[in-house]
Amino acid sequence: MSLLSDFSCLATLLAATDEPGFLASLLGGTWLWTKVLVGIGLVIFVHELGHFLAAKLFGVKCEKFYVGFDVPLQIGPIKFPRTLGKFTYGETEYGIGIIPLGGYVKMLGQDDDPRKAEEEAKRIREGGEGDEPGKLDPRSYPAKTVWQRMIIISAGVVMNVITGILFAAIAYFYGVPYTPAIVGGVTPGGAAWTAGVQPGGLVTSIADSEDDDQMHFTKMQTAIMTEGMDKPDEPIDVRFSYGSETREYSLMPQPHPLEPSLRMIGIHGPISSNLLPTIYAMPGSVAANALTDDDAGAKVVAWNGRETDPESMMPIAPFLNQLYSQPTKPIEITLVRRDGEKHTVTLPPQAEKDFGIRFRIGKITSMIKDGPADKAGMKVGDQIVAINGDEDIDAYTLLLQSWPAGEAVEITVERGSGNSAETKTLTIIPNDGFQTKPPVSELGESMASTPLGLAYNPTTTIQAVTQTDTDLQPGDEVREVRIRFPDPAAREALARQLGEPTMVKLTEGWELGATMPLGVLMETVQVLPVGAEVLVKATRPPEGSVIEAAMKVQTSDRDWYERGLNFSEIEQIQTADSFGNALALGLREGIRGLENVGRFLGMLVSGKVQAKFLGGPIRIAQMASYEAERGISAQLLFLTMLSMNLAILNFLPIPALDGGHMLFLIAEAIRGKKLDEALEMRLTFAGVLALLALMIFVFANDILHL
């Protein structure tokens with residue numbers, strides 16, 4: 001029985017070093033990959049064990065039992081051993097093959113290699129004369145009845161399903177750490193923001209699924225992604241629990257800015273009250289100036305004299321709202337350090353940095369349903385031209401300015417285009433707008449003022465130039481920026497903070513567009529040193545002439561919305577309260593895994609999922625190492641997912657897989673006799689070629705997306 005497993009051996013090159021901790025790191029990495037290999041090998045082993053036990057039950061001789069394939073492997077003059085180890089016990093040879101892409105049980109009279117089928121057929125017949133075939137060896141696989149062979153063929157898949165459920169049951173009995181599906185925040189301008197979803201609620205149901213008051217955030221994400229890809233033009237029904245209150249929303253998923261085939265509804269995970277134990281504050285921020293290393297991992301228990309509510313789903317939410325809605329005001333926070341010491345620090349406003357250019361507000365892309373802008377009559381597509389008579393208002397001033405609730409704001413918009421364009425002045429009454437995330441989306445493609453209830457995309461059109469001695473002027477379109485560092489040391493210091501890919505963009509040319517929007521650039525500018533030279537390339541409508549200018553990073557007269565605090569995510573542990581409850585949770589996990597794989601394959605066949613999303617051996621190994629690093633429970637749940645994947649994939653009706661063998665057996669049961677051996681051989685050969693082509697494709701796919 002052949003089993004194609006999503007697994008690959010990854011080679012690691014090690015260099016000698018005197019750096020402290022190298023040995024500990026080496027041992028830790030070795031132990032991690034040992035766990036990965038054992039885990040994936042276990043999934044393969046139990047599959048083959050199913051075939052082996054069923055075959056033994058019906059008296060079939062099993063000649064080999066292998067995890068991995070013991071095929072000849074030679075590169076040039078170098079010959080590799082076929083196995084990593086083997087031994088014979090009774091009539092069976094047990095071993096670990098050199099190629100870790102699956103495993104097999106070699107039964108008498110059965111071989112998935114079509115080149116050996118004829119030889120194997122002759123080997124199991126006794127006493128034949130002339131053209132008459134001999135009698136089948138009673139211990140051979142073909143000698144067994146159809147129903148017995150069906151059980152033998154299906155036993156591997158059944159074992160994967162059973163052990164997958166047991167893996168999950170053990171994980172929940174032990175305790176599974178997870179981030180709950182609490183709404184930590186909503187993406188500005190996203191589906192949840194537009195519908196008015198408030199932070200602090202718990203997602204309990206997706207697309208009318210059964211309510212789950214312990215839904216994991218990752219499982220919610222998977223359900224949203226699957227629904228969005230399967231039904232991209234239909235809203236997704238999502239149910240939330242806010243204490244004793246249940247709220248239901250029908251949210252239209254939006255294309256991901258970087259991958260339009262993926263859909264999202266704009267819900268972020270919950271944030272705890274604890275600062276990160278490592279990078280608790282961003283370097284150069286007001287938080288970094290106010291906090292010390294003793295505050296690493298400290299818990300925020302109060303701000304401006306107001307205590308957090310420990311009974312709330314996300315106690316830090318009101319503090320975050322204060323932080324983002326009042327960027328111009330200092331905020332006092334009370335911290336409890338890990339040693340129990342309590343102290344108070346004050347975070348002043350964080351001065352904004354820019355490079356002498358203010359950008360124009362984009363057209364309105366969305367509004368909060370029944371929010372201030374919606375009620376005032378604003379429409380999607382409106383272009384804001386003035387606020388309270390100020391025509392110099394720009395994209396970030398709108399975000400960074402406080403809009404007191406109840407105080408009327410006069411917003412002038414231009415509606416329509418060309419000769420049909422008209423100007424309207426709307427009176428908007430801001431509300432208290434609760435926001436726990438920055439007003440710019442994480443990918444920088446959308447901006448929103450929650451108190452006003454309106455969102456827009458950032459533009460690269462210059463609204464104003466605040467530095468002199470430049471040829472740039474309002475109306476120019478910024479196309480690219482580059483940062484010139486005075487010396488390599490300054491570049492290296494920033495690379496450690498931003499990462500090398502971002503530094504390459506900054507130094508070789510950051511082309512503003514969908515993949516690198518203005519919002520991300522301006523976030524990056526906040527960590528650049530004042531005085532850094534910014535080389536700007538812009539075009540001037542309508543002729544499109546190119547203008548280049550050298551600008552400087554400067555401190556502006558506005559306050560930024562971030563102050564540099566870094567909080568950890570909320571993590572809980574879901575533990576079964578009994579063995580029966582653990583089995584029930586394991587069964588639910590297994591069924592969910594089977595449904596997800598089946599649905600994914602259906603979408604793949606129908607063209608709703610692109611082939612590039614297929615994960616092969618390398619991606620599976622990466623996922624396995626990540627989950628193993630998180631702990632035994634996470635690894636067991638990963639093995640459950642892998643088991644269900646292999647169960648379904650192995651039972652696909654493809655010759656050379658278990659499902660292909662079952663298809664032949666069903667045909668034999670219906671016809672009352674075996675299929676023509678030559679036809680079966682040709683189909684099996686075609687199946688093997690198809691599987692080899694698939695393996696080459698997924699390997700290449702993995703490498704391209706490393």
# chains A, B, ... in the order shown; residues from 1 in each chain; ligands from 1
$ residues_around --residues "region 534-545 of chain A" --least-positions-apart "3" --cutoff "12 Å" --atoms "only C-alpha atoms" --output "PyMOL selection string"
chain A and resi 354-357+460-462+470-486+506-512+521+525+528-531+548-554
$ write_last_selection --atoms "C-alpha atoms" --output "compact mmCIF listing (two decimals), in the first residue's frame"
# COMPACT_ATOMS: atom_id res chain seq x y z
CA ASP A 354 6.85 62.91 8.07
CA PHE A 355 9.06 63.95 5.17
CA GLY A 356 7.50 67.29 4.37
CA ILE A 357 4.53 66.05 2.36
CA THR A 460 -0.46 59.41 -3.09
CA THR A 461 -1.63 62.82 -4.33
CA ILE A 462 0.13 65.70 -2.57
CA THR A 470 11.59 71.72 -3.41
CA ASP A 471 9.95 71.57 -6.83
CA LEU A 472 7.09 69.44 -5.53
CA GLN A 473 3.66 71.04 -5.39
CA PRO A 474 0.05 70.11 -4.51
CA GLY A 475 -1.50 67.77 -7.09
CA ASP A 476 1.71 65.88 -7.83
CA GLU A 477 1.52 62.09 -7.51
CA VAL A 478 4.25 60.48 -5.40
CA ARG A 479 5.38 57.27 -7.12
CA GLU A 480 8.50 56.19 -5.25
CA VAL A 481 10.62 57.07 -2.23
CA ARG A 482 14.13 56.01 -1.28
CA ILE A 483 15.99 56.54 1.99
CA ARG A 484 19.63 57.52 1.90
CA PHE A 485 21.52 56.55 5.05
CA PRO A 486 24.64 58.53 6.02
CA LEU A 506 13.52 51.65 1.57
CA THR A 507 16.99 51.86 0.09
CA GLU A 508 16.38 50.55 -3.44
CA GLY A 509 13.01 52.22 -4.01
CA TRP A 510 9.64 51.93 -2.28
CA GLU A 511 7.11 51.99 -5.12
CA LEU A 512 3.79 53.12 -3.69
CA LEU A 521 5.19 53.70 4.38
CA VAL A 525 8.70 56.64 8.59
CA LEU A 528 13.37 56.60 10.84
CA PRO A 529 15.84 59.02 12.43
CA VAL A 530 15.03 62.71 12.16
CA GLY A 531 17.17 64.22 9.41
CA GLU A 548 12.56 64.37 -8.18
CA ALA A 549 13.23 65.99 -4.83
CA ALA A 550 15.38 65.42 -1.76
CA MET A 551 13.35 65.76 1.45
CA LYS A 552 14.20 65.24 5.13
CA VAL A 553 12.49 63.22 7.86
CA GLN A 554 11.16 65.78 10.32
$ select_by_dssp --residues "region 239-417 of chain A" --states "helix (DSSP H, G or I)" --output "PyMOL selection string"
chain A and resi 286-290+293-295+317-325+372-376+395-400
$ closest_atom_pairs --of "region 391-468 of chain A" --to "region 238-259 of chain A" --cutoff "12 Å" --atoms "only C-alpha atoms" --output "Markdown table"
| residue | atom | partner | partner_atom | distance |
| --- | --- | --- | --- | --- |
| A:Ser441 | CA | A:Pro257 | CA | 10.7 |
| A:Glu442 | CA | A:Pro257 | CA | 10.8 |
| A:Leu443 | CA | A:Pro257 | CA | 7.7 |
| A:Gly444 | CA | A:Pro257 | CA | 9.4 |
| A:Glu445 | CA | A:Pro257 | CA | 7.3 |
| A:Ser446 | CA | A:Pro257 | CA | 9.8 |
| A:Asn457 | CA | A:Pro257 | CA | 11.7 |
$ select_by_dssp --residues "region 392-434 of chain A" --states "strand (DSSP E)" --output "PyMOL selection string"
chain A and resi 409-415+422-428
$ closest_atom_pairs --of "region 253-324 of chain A" --to "region 330-336 of chain A" --cutoff "12 Å" --atoms "only C-alpha atoms" --output "JSON lines"
{"residue": "A:Ser273", "atom": "CA", "partner": "A:Leu335", "partner_atom": "CA", "distance": 9.6}
{"residue": "A:Asn274", "atom": "CA", "partner": "A:Leu335", "partner_atom": "CA", "distance": 9.1}
{"residue": "A:Leu275", "atom": "CA", "partner": "A:Leu335", "partner_atom": "CA", "distance": 9.6}
{"residue": "A:Val286", "atom": "CA", "partner": "A:Pro330", "partner_atom": "CA", "distance": 10.5}
{"residue": "A:Ala287", "atom": "CA", "partner": "A:Ile333", "partner_atom": "CA", "distance": 10.8}
{"residue": "A:Ala290", "atom": "CA", "partner": "A:Ile333", "partner_atom": "CA", "distance": 10.6}
{"residue": "A:Leu291", "atom": "CA", "partner": "A:Leu335", "partner_atom": "CA", "distance": 10.1}
{"residue": "A:Thr292", "atom": "CA", "partner": "A:Leu335", "partner_atom": "CA", "distance": 11.8}
{"residue": "A:Asp294", "atom": "CA", "partner": "A:Val336", "partner_atom": "CA", "distance": 10.2}
{"residue": "A:Asp295", "atom": "CA", "partner": "A:Leu335", "partner_atom": "CA", "distance": 7.8}
{"residue": "A:Ala296", "atom": "CA", "partner": "A:Val336", "partner_atom": "CA", "distance": 10.3}
{"residue": "A:Gly297", "atom": "CA", "partner": "A:Val336", "partner_atom": "CA", "distance": 9.1}
{"residue": "A:Ala298", "atom": "CA", "partner": "A:Val336", "partner_atom": "CA", "distance": 5.5}
{"residue": "A:Lys299", "atom": "CA", "partner": "A:Val336", "partner_atom": "CA", "distance": 5.2}
{"residue": "A:Val300", "atom": "CA", "partner": "A:Leu335", "partner_atom": "CA", "distance": 4.6}
{"residue": "A:Val301", "atom": "CA", "partner": "A:Thr334", "partner_atom": "CA", "distance": 5.8}
{"residue": "A:Ala302", "atom": "CA", "partner": "A:Thr334", "partner_atom": "CA", "distance": 5.0}
{"residue": "A:Trp303", "atom": "CA", "partner": "A:Ile333", "partner_atom": "CA", "distance": 4.2}
{"residue": "A:Asn304", "atom": "CA", "partner": "A:Glu332", "partner_atom": "CA", "distance": 4.9}
{"residue": "A:Gly305", "atom": "CA", "partner": "A:Glu332", "partner_atom": "CA", "distance": 7.7}
{"residue": "A:Arg306", "atom": "CA", "partner": "A:Ile333", "partner_atom": "CA", "distance": 9.1}
{"residue": "A:Glu307", "atom": "CA", "partner": "A:Thr334", "partner_atom": "CA", "distance": 8.7}
{"residue": "A:Thr308", "atom": "CA", "partner": "A:Thr334", "partner_atom": "CA", "distance": 10.1}
{"residue": "A:Ile316", "atom": "CA", "partner": "A:Ile333", "partner_atom": "CA", "distance": 11.4}
{"residue": "A:Phe319", "atom": "CA", "partner": "A:Ile333", "partner_atom": "CA", "distance": 9.0}
{"residue": "A:Leu320", "atom": "CA", "partner": "A:Ile331", "partner_atom": "CA", "distance": 10.8}
{"residue": "A:Asn321", "atom": "CA", "partner": "A:Ile331", "partner_atom": "CA", "distance": 11.7}
{"residue": "A:Gln322", "atom": "CA", "partner": "A:Ile331", "partner_atom": "CA", "distance": 8.3}
{"residue": "A:Leu323", "atom": "CA", "partner": "A:Ile331", "partner_atom": "CA", "distance": 7.5}
{"residue": "A:Tyr324", "atom": "CA", "partner": "A:Ile331", "partner_atom": "CA", "distance": 11.0}
$ closest_residue --among "A:Pro77, A:Pro655, A:Pro348, A:Gly41" --to "Gly102 (chain A)" --atoms "only C-alpha atoms"
A:Gly41
$ closest_residue --among "A:Thr397, A:Gln574, A:Thr412, A:Thr459" --to "Leu518 (chain A)" --atoms "only C-alpha atoms"
A:Thr459
$ atom_distance --atom1 "CA of Trp403 (chain A)" --atom2 "CA of Ile428 (chain A)"
10.4 Å
$ closest_residue --among "A:Ala171, A:Val698, A:Arg491, A:Tyr561" --to "Thr328 (chain A)" --atoms "only C-alpha atoms"
A:Tyr561
$ closest_residue --among "A:Asn419, A:Leu663, A:Gly631, A:Gly615" --to "Ile696 (chain A)" --atoms "only C-alpha atoms"
A:Gly615
$ closest_residue --among "A:Leu614, A:Ala582, A:Leu399, A:Leu642" --to "Ile44 (chain A)" --atoms "only C-alpha atoms"
A:Leu642
$ residues_around --residues "region 181-195 of chain A" --least-positions-apart "4" --cutoff "9 Å" --atoms "only C-alpha atoms" --output "PDB file with N, CA and C atoms, in the first residue's frame"
ATOM      1  N   PRO A 199     -15.774  45.834  19.510  1.00  0.00           N
ATOM      2  CA  PRO A 199     -14.769  44.975  20.154  1.00  0.00           C
ATOM      3  C   PRO A 199     -15.301  44.403  21.466  1.00  0.00           C
ATOM      4  N   GLY A 200     -14.755  43.247  21.840  1.00  0.00           N
ATOM      5  CA  GLY A 200     -15.125  42.638  23.116  1.00  0.00           C
ATOM      6  C   GLY A 200     -16.117  41.505  23.025  1.00  0.00           C
ATOM      7  N   GLY A 201     -16.733  41.294  21.849  1.00  0.00           N
ATOM      8  CA  GLY A 201     -17.675  40.193  21.692  1.00  0.00           C
ATOM      9  C   GLY A 201     -16.968  38.894  21.348  1.00  0.00           C
ATOM     10  N   LEU A 202     -17.612  37.778  21.640  1.00  0.00           N
ATOM     11  CA  LEU A 202     -17.067  36.458  21.332  1.00  0.00           C
ATOM     12  C   LEU A 202     -17.816  35.859  20.151  1.00  0.00           C
ATOM     13  N   VAL A 203     -17.093  35.493  19.105  1.00  0.00           N
ATOM     14  CA  VAL A 203     -17.705  34.823  17.957  1.00  0.00           C
ATOM     15  C   VAL A 203     -18.066  33.403  18.372  1.00  0.00           C
ATOM     16  N   THR A 204     -19.328  33.038  18.216  1.00  0.00           N
ATOM     17  CA  THR A 204     -19.776  31.702  18.628  1.00  0.00           C
ATOM     18  C   THR A 204     -20.241  30.848  17.459  1.00  0.00           C
ATOM     19  N   GLN A 214     -16.395  28.274  23.111  1.00  0.00           N
ATOM     20  CA  GLN A 214     -14.938  28.208  23.259  1.00  0.00           C
ATOM     21  C   GLN A 214     -14.291  28.133  21.877  1.00  0.00           C
ATOM     22  N   MET A 215     -14.852  28.883  20.939  1.00  0.00           N
ATOM     23  CA  MET A 215     -14.296  28.870  19.585  1.00  0.00           C
ATOM     24  C   MET A 215     -12.894  29.456  19.583  1.00  0.00           C
ATOM     25  N   HIS A 216     -11.989  28.781  18.866  1.00  0.00           N
ATOM     26  CA  HIS A 216     -10.624  29.264  18.731  1.00  0.00           C
ATOM     27  C   HIS A 216     -10.571  30.305  17.620  1.00  0.00           C
ATOM     28  N   PHE A 217      -9.721  31.300  17.794  1.00  0.00           N
ATOM     29  CA  PHE A 217      -9.624  32.350  16.779  1.00  0.00           C
ATOM     30  C   PHE A 217      -9.152  31.779  15.444  1.00  0.00           C
ATOM     31  N   THR A 218      -8.212  30.830  15.476  1.00  0.00           N
ATOM     32  CA  THR A 218      -7.715  30.248  14.227  1.00  0.00           C
ATOM     33  C   THR A 218      -8.808  29.461  13.507  1.00  0.00           C
ATOM     34  N   LYS A 219      -9.675  28.807  14.266  1.00  0.00           N
ATOM     35  CA  LYS A 219     -10.759  28.044  13.633  1.00  0.00           C
ATOM     36  C   LYS A 219     -11.790  29.006  13.039  1.00  0.00           C
ATOM     37  N   MET A 220     -12.007  30.132  13.699  1.00  0.00           N
ATOM     38  CA  MET A 220     -12.894  31.148  13.138  1.00  0.00           C
ATOM     39  C   MET A 220     -12.319  31.673  11.823  1.00  0.00           C
ATOM     40  N   GLN A 221     -11.015  31.931  11.800  1.00  0.00           N
ATOM     41  CA  GLN A 221     -10.373  32.419  10.581  1.00  0.00           C
ATOM     42  C   GLN A 221     -10.521  31.408   9.444  1.00  0.00           C
ATOM     43  N   PHE A 240     -22.390  36.680  17.535  1.00  0.00           N
ATOM     44  CA  PHE A 240     -21.496  37.147  18.595  1.00  0.00           C
ATOM     45  C   PHE A 240     -22.210  37.084  19.934  1.00  0.00           C
ATOM     46  N   TYR A 249     -24.854  39.298  12.749  1.00  0.00           N
ATOM     47  CA  TYR A 249     -24.539  40.182  11.643  1.00  0.00           C
ATOM     48  C   TYR A 249     -24.385  39.357  10.367  1.00  0.00           C
ATOM     49  N   SER A 250     -24.775  39.951   9.267  1.00  0.00           N
ATOM     50  CA  SER A 250     -24.554  39.348   7.960  1.00  0.00           C
ATOM     51  C   SER A 250     -23.460  40.170   7.281  1.00  0.00           C
ATOM     52  N   LEU A 251     -22.242  39.628   7.246  1.00  0.00           N
ATOM     53  CA  LEU A 251     -21.066  40.387   6.824  1.00  0.00           C
ATOM     54  C   LEU A 251     -20.614  39.962   5.428  1.00  0.00           C
ATOM     55  N   MET A 252     -20.484  40.937   4.535  1.00  0.00           N
ATOM     56  CA  MET A 252     -20.015  40.649   3.181  1.00  0.00           C
ATOM     57  C   MET A 252     -18.487  40.618   3.176  1.00  0.00           C
ATOM     58  N   PRO A 253     -17.878  39.453   2.945  1.00  0.00           N
ATOM     59  CA  PRO A 253     -16.407  39.376   2.977  1.00  0.00           C
ATOM     60  C   PRO A 253     -15.788  40.206   1.869  1.00  0.00           C
ATOM     61  N   GLN A 254     -14.622  40.761   2.153  1.00  0.00           N
ATOM     62  CA  GLN A 254     -13.919  41.613   1.199  1.00  0.00           C
ATOM     63  C   GLN A 254     -12.637  40.944   0.740  1.00  0.00           C
ATOM     64  N   MET A 264     -11.951  38.271   3.635  1.00  0.00           N
ATOM     65  CA  MET A 264     -11.834  38.555   5.061  1.00  0.00           C
ATOM     66  C   MET A 264     -12.972  39.465   5.486  1.00  0.00           C
ATOM     67  N   ILE A 265     -13.272  39.430   6.800  1.00  0.00           N
ATOM     68  CA  ILE A 265     -14.332  40.288   7.327  1.00  0.00           C
ATOM     69  C   ILE A 265     -13.772  41.344   8.276  1.00  0.00           C
ATOM     70  N   GLY A 266     -12.455  41.342   8.494  1.00  0.00           N
ATOM     71  CA  GLY A 266     -11.827  42.418   9.245  1.00  0.00           C
ATOM     72  C   GLY A 266     -11.959  42.335  10.741  1.00  0.00           C
ATOM     73  N   ILE A 267     -11.795  41.135  11.318  1.00  0.00           N
ATOM     74  CA  ILE A 267     -11.820  40.977  12.775  1.00  0.00           C
ATOM     75  C   ILE A 267     -10.431  40.574  13.253  1.00  0.00           C
ATOM     76  N   HIS A 268      -9.929  41.278  14.263  1.00  0.00           N
ATOM     77  CA  HIS A 268      -8.610  40.999  14.820  1.00  0.00           C
ATOM     78  C   HIS A 268      -8.734  40.280  16.162  1.00  0.00           C
ATOM     79  N   GLY A 269      -7.676  39.556  16.529  1.00  0.00           N
ATOM     80  CA  GLY A 269      -7.671  38.791  17.769  1.00  0.00           C
ATOM     81  C   GLY A 269      -7.613  39.669  19.008  1.00  0.00           C
ATOM     82  N   PRO A 270      -7.955  39.095  20.152  1.00  0.00           N
ATOM     83  CA  PRO A 270      -8.012  39.868  21.397  1.00  0.00           C
ATOM     84  C   PRO A 270      -6.629  40.168  21.964  1.00  0.00           C
ATOM     85  N   ILE A 271      -6.532  41.311  22.626  1.00  0.00           N
ATOM     86  CA  ILE A 271      -5.276  41.767  23.210  1.00  0.00           C
ATOM     87  C   ILE A 271      -5.390  41.689  24.723  1.00  0.00           C
ATOM     88  N   MET A 313     -14.300  40.442  28.879  1.00  0.00           N
ATOM     89  CA  MET A 313     -13.624  39.525  27.960  1.00  0.00           C
ATOM     90  C   MET A 313     -12.270  40.082  27.527  1.00  0.00           C
ATOM     91  N   MET A 314     -12.190  41.412  27.390  1.00  0.00           N
ATOM     92  CA  MET A 314     -10.920  42.054  27.036  1.00  0.00           C
ATOM     93  C   MET A 314     -10.777  43.300  27.903  1.00  0.00           C
ATOM     94  N   ALA A 317      -9.601  46.841  26.642  1.00  0.00           N
ATOM     95  CA  ALA A 317     -10.295  47.518  25.546  1.00  0.00           C
ATOM     96  C   ALA A 317     -10.567  49.000  25.809  1.00  0.00           C
ATOM     97  N   THR A 365     -14.935  55.183   0.893  1.00  0.00           N
ATOM     98  CA  THR A 365     -15.092  53.793   0.446  1.00  0.00           C
ATOM     99  C   THR A 365     -16.169  53.044   1.224  1.00  0.00           C
ATOM    100  N   SER A 366     -16.407  53.462   2.476  1.00  0.00           N
ATOM    101  CA  SER A 366     -17.440  52.801   3.270  1.00  0.00           C
ATOM    102  C   SER A 366     -17.789  53.669   4.470  1.00  0.00           C
ATOM    103  N   MET A 367     -18.918  53.345   5.077  1.00  0.00           N
ATOM    104  CA  MET A 367     -19.381  54.062   6.269  1.00  0.00           C
ATOM    105  C   MET A 367     -19.981  53.050   7.233  1.00  0.00           C
ATOM    106  N   ILE A 368     -19.921  53.379   8.535  1.00  0.00           N
ATOM    107  CA  ILE A 368     -20.579  52.538   9.518  1.00  0.00           C
ATOM    108  C   ILE A 368     -22.086  52.625   9.317  1.00  0.00           C
ATOM    109  N   LYS A 369     -22.731  51.465   9.238  1.00  0.00           N
ATOM    110  CA  LYS A 369     -24.176  51.443   9.032  1.00  0.00           C
ATOM    111  C   LYS A 369     -24.882  52.197  10.157  1.00  0.00           C
ATOM    112  N   ASP A 370     -25.710  53.173   9.780  1.00  0.00           N
ATOM    113  CA  ASP A 370     -26.441  54.026  10.730  1.00  0.00           C
ATOM    114  C   ASP A 370     -25.498  54.823  11.624  1.00  0.00           C
ATOM    115  N   GLY A 371     -24.246  54.998  11.176  1.00  0.00           N
ATOM    116  CA  GLY A 371     -23.296  55.817  11.910  1.00  0.00           C
ATOM    117  C   GLY A 371     -23.464  57.282  11.575  1.00  0.00           C
ATOM    118  N   GLN A 435     -12.904  52.374  19.495  1.00  0.00           N
ATOM    119  CA  GLN A 435     -11.910  51.731  18.632  1.00  0.00           C
ATOM    120  C   GLN A 435     -10.726  51.250  19.450  1.00  0.00           C
ATOM    121  N   THR A 436     -10.329  50.009  19.221  1.00  0.00           N
ATOM    122  CA  THR A 436      -9.223  49.401  19.958  1.00  0.00           C
ATOM    123  C   THR A 436      -8.040  49.080  19.049  1.00  0.00           C
ATOM    124  N   LYS A 437      -8.123  49.509  17.803  1.00  0.00           N
ATOM    125  CA  LYS A 437      -7.037  49.334  16.849  1.00  0.00           C
ATOM    126  C   LYS A 437      -6.713  50.689  16.230  1.00  0.00           C
ATOM    127  N   PRO A 438      -5.512  50.851  15.678  1.00  0.00           N
ATOM    128  CA  PRO A 438      -5.175  52.110  15.011  1.00  0.00           C
ATOM    129  C   PRO A 438      -6.171  52.430  13.900  1.00  0.00           C
ATOM    130  N   PRO A 439      -6.304  53.714  13.532  1.00  0.00           N
ATOM    131  CA  PRO A 439      -7.264  54.097  12.483  1.00  0.00           C
ATOM    132  C   PRO A 439      -6.816  53.752  11.075  1.00  0.00           C
ATOM    133  N   VAL A 440      -5.616  53.197  10.934  1.00  0.00           N
ATOM    134  CA  VAL A 440      -5.116  52.737   9.638  1.00  0.00           C
ATOM    135  C   VAL A 440      -4.990  51.222   9.697  1.00  0.00           C
ATOM    136  N   SER A 441      -5.462  50.533   8.679  1.00  0.00           N
ATOM    137  CA  SER A 441      -5.415  49.075   8.677  1.00  0.00           C
ATOM    138  C   SER A 441      -3.979  48.578   8.709  1.00  0.00           C
ATOM    139  N   GLU A 442      -3.796  47.327   9.150  1.00  0.00           N
ATOM    140  CA  GLU A 442      -2.449  46.769   9.290  1.00  0.00           C
ATOM    141  C   GLU A 442      -1.712  46.713   7.965  1.00  0.00           C
ATOM    142  N   SER A 446      -6.370  51.048   4.031  1.00  0.00           N
ATOM    143  CA  SER A 446      -7.624  51.703   4.400  1.00  0.00           C
ATOM    144  C   SER A 446      -7.428  52.556   5.649  1.00  0.00           C
ATOM    145  N   MET A 447      -8.140  53.693   5.699  1.00  0.00           N
ATOM    146  CA  MET A 447      -8.114  54.590   6.851  1.00  0.00           C
ATOM    147  C   MET A 447      -9.541  54.892   7.255  1.00  0.00           C
ATOM    148  N   ALA A 448      -9.754  55.169   8.548  1.00  0.00           N
ATOM    149  CA  ALA A 448     -11.124  55.439   8.990  1.00  0.00           C
ATOM    150  C   ALA A 448     -11.133  56.323  10.222  1.00  0.00           C
ATOM    151  N   SER A 449     -12.131  57.180  10.290  1.00  0.00           N
ATOM    152  CA  SER A 449     -12.440  57.926  11.509  1.00  0.00           C
ATOM    153  C   SER A 449     -13.688  57.294  12.090  1.00  0.00           C
ATOM    154  N   THR A 450     -13.521  56.517  13.158  1.00  0.00           N
ATOM    155  CA  THR A 450     -14.661  55.836  13.763  1.00  0.00           C
ATOM    156  C   THR A 450     -15.663  56.814  14.367  1.00  0.00           C
ATOM    157  N   GLY A 453     -17.539  57.899  11.538  1.00  0.00           N
ATOM    158  CA  GLY A 453     -18.178  56.781  10.855  1.00  0.00           C
ATOM    159  C   GLY A 453     -17.909  56.718   9.380  1.00  0.00           C
ATOM    160  N   LEU A 454     -16.710  57.131   8.931  1.00  0.00           N
ATOM    161  CA  LEU A 454     -16.392  57.125   7.501  1.00  0.00           C
ATOM    162  C   LEU A 454     -14.989  56.556   7.278  1.00  0.00           C
ATOM    163  N   ALA A 455     -14.800  55.955   6.112  1.00  0.00           N
ATOM    164  CA  ALA A 455     -13.512  55.352   5.759  1.00  0.00           C
ATOM    165  C   ALA A 455     -13.150  55.716   4.337  1.00  0.00           C
ATOM    166  N   TYR A 456     -11.857  55.737   4.063  1.00  0.00           N
ATOM    167  CA  TYR A 456     -11.355  56.055   2.731  1.00  0.00           C
ATOM    168  C   TYR A 456     -10.000  55.385   2.550  1.00  0.00           C
ATOM    169  N   ASN A 457      -9.589  55.247   1.295  1.00  0.00           N
ATOM    170  CA  ASN A 457      -8.267  54.707   1.016  1.00  0.00           C
ATOM    171  C   ASN A 457      -7.269  55.849   0.933  1.00  0.00           C
TER     172      ASN A 457
END
$ residues_around --residues "Tyr174 (chain A)" --least-positions-apart "4" --cutoff "8 Å" --atoms "only C-alpha atoms" --output "PyMOL selection string"
chain A and resi 170+575-576+633
$ atom_distance --atom1 "CA of Ala169 (chain A)" --atom2 "CA of Ser625 (chain A)"
21.0 Å
$ residues_around --residues "region 376-384 of chain A" --least-positions-apart "3" --cutoff "8 Å" --atoms "only C-alpha atoms" --output "number ranges by chain"
A: 361-367, 372-373, 387, 411-416, 426-428
$ closest_residue --among "A:Ile40, A:Val71, A:Val465, A:Ala121" --to "Pro142 (chain A)" --atoms "only C-alpha atoms"
A:Ala121
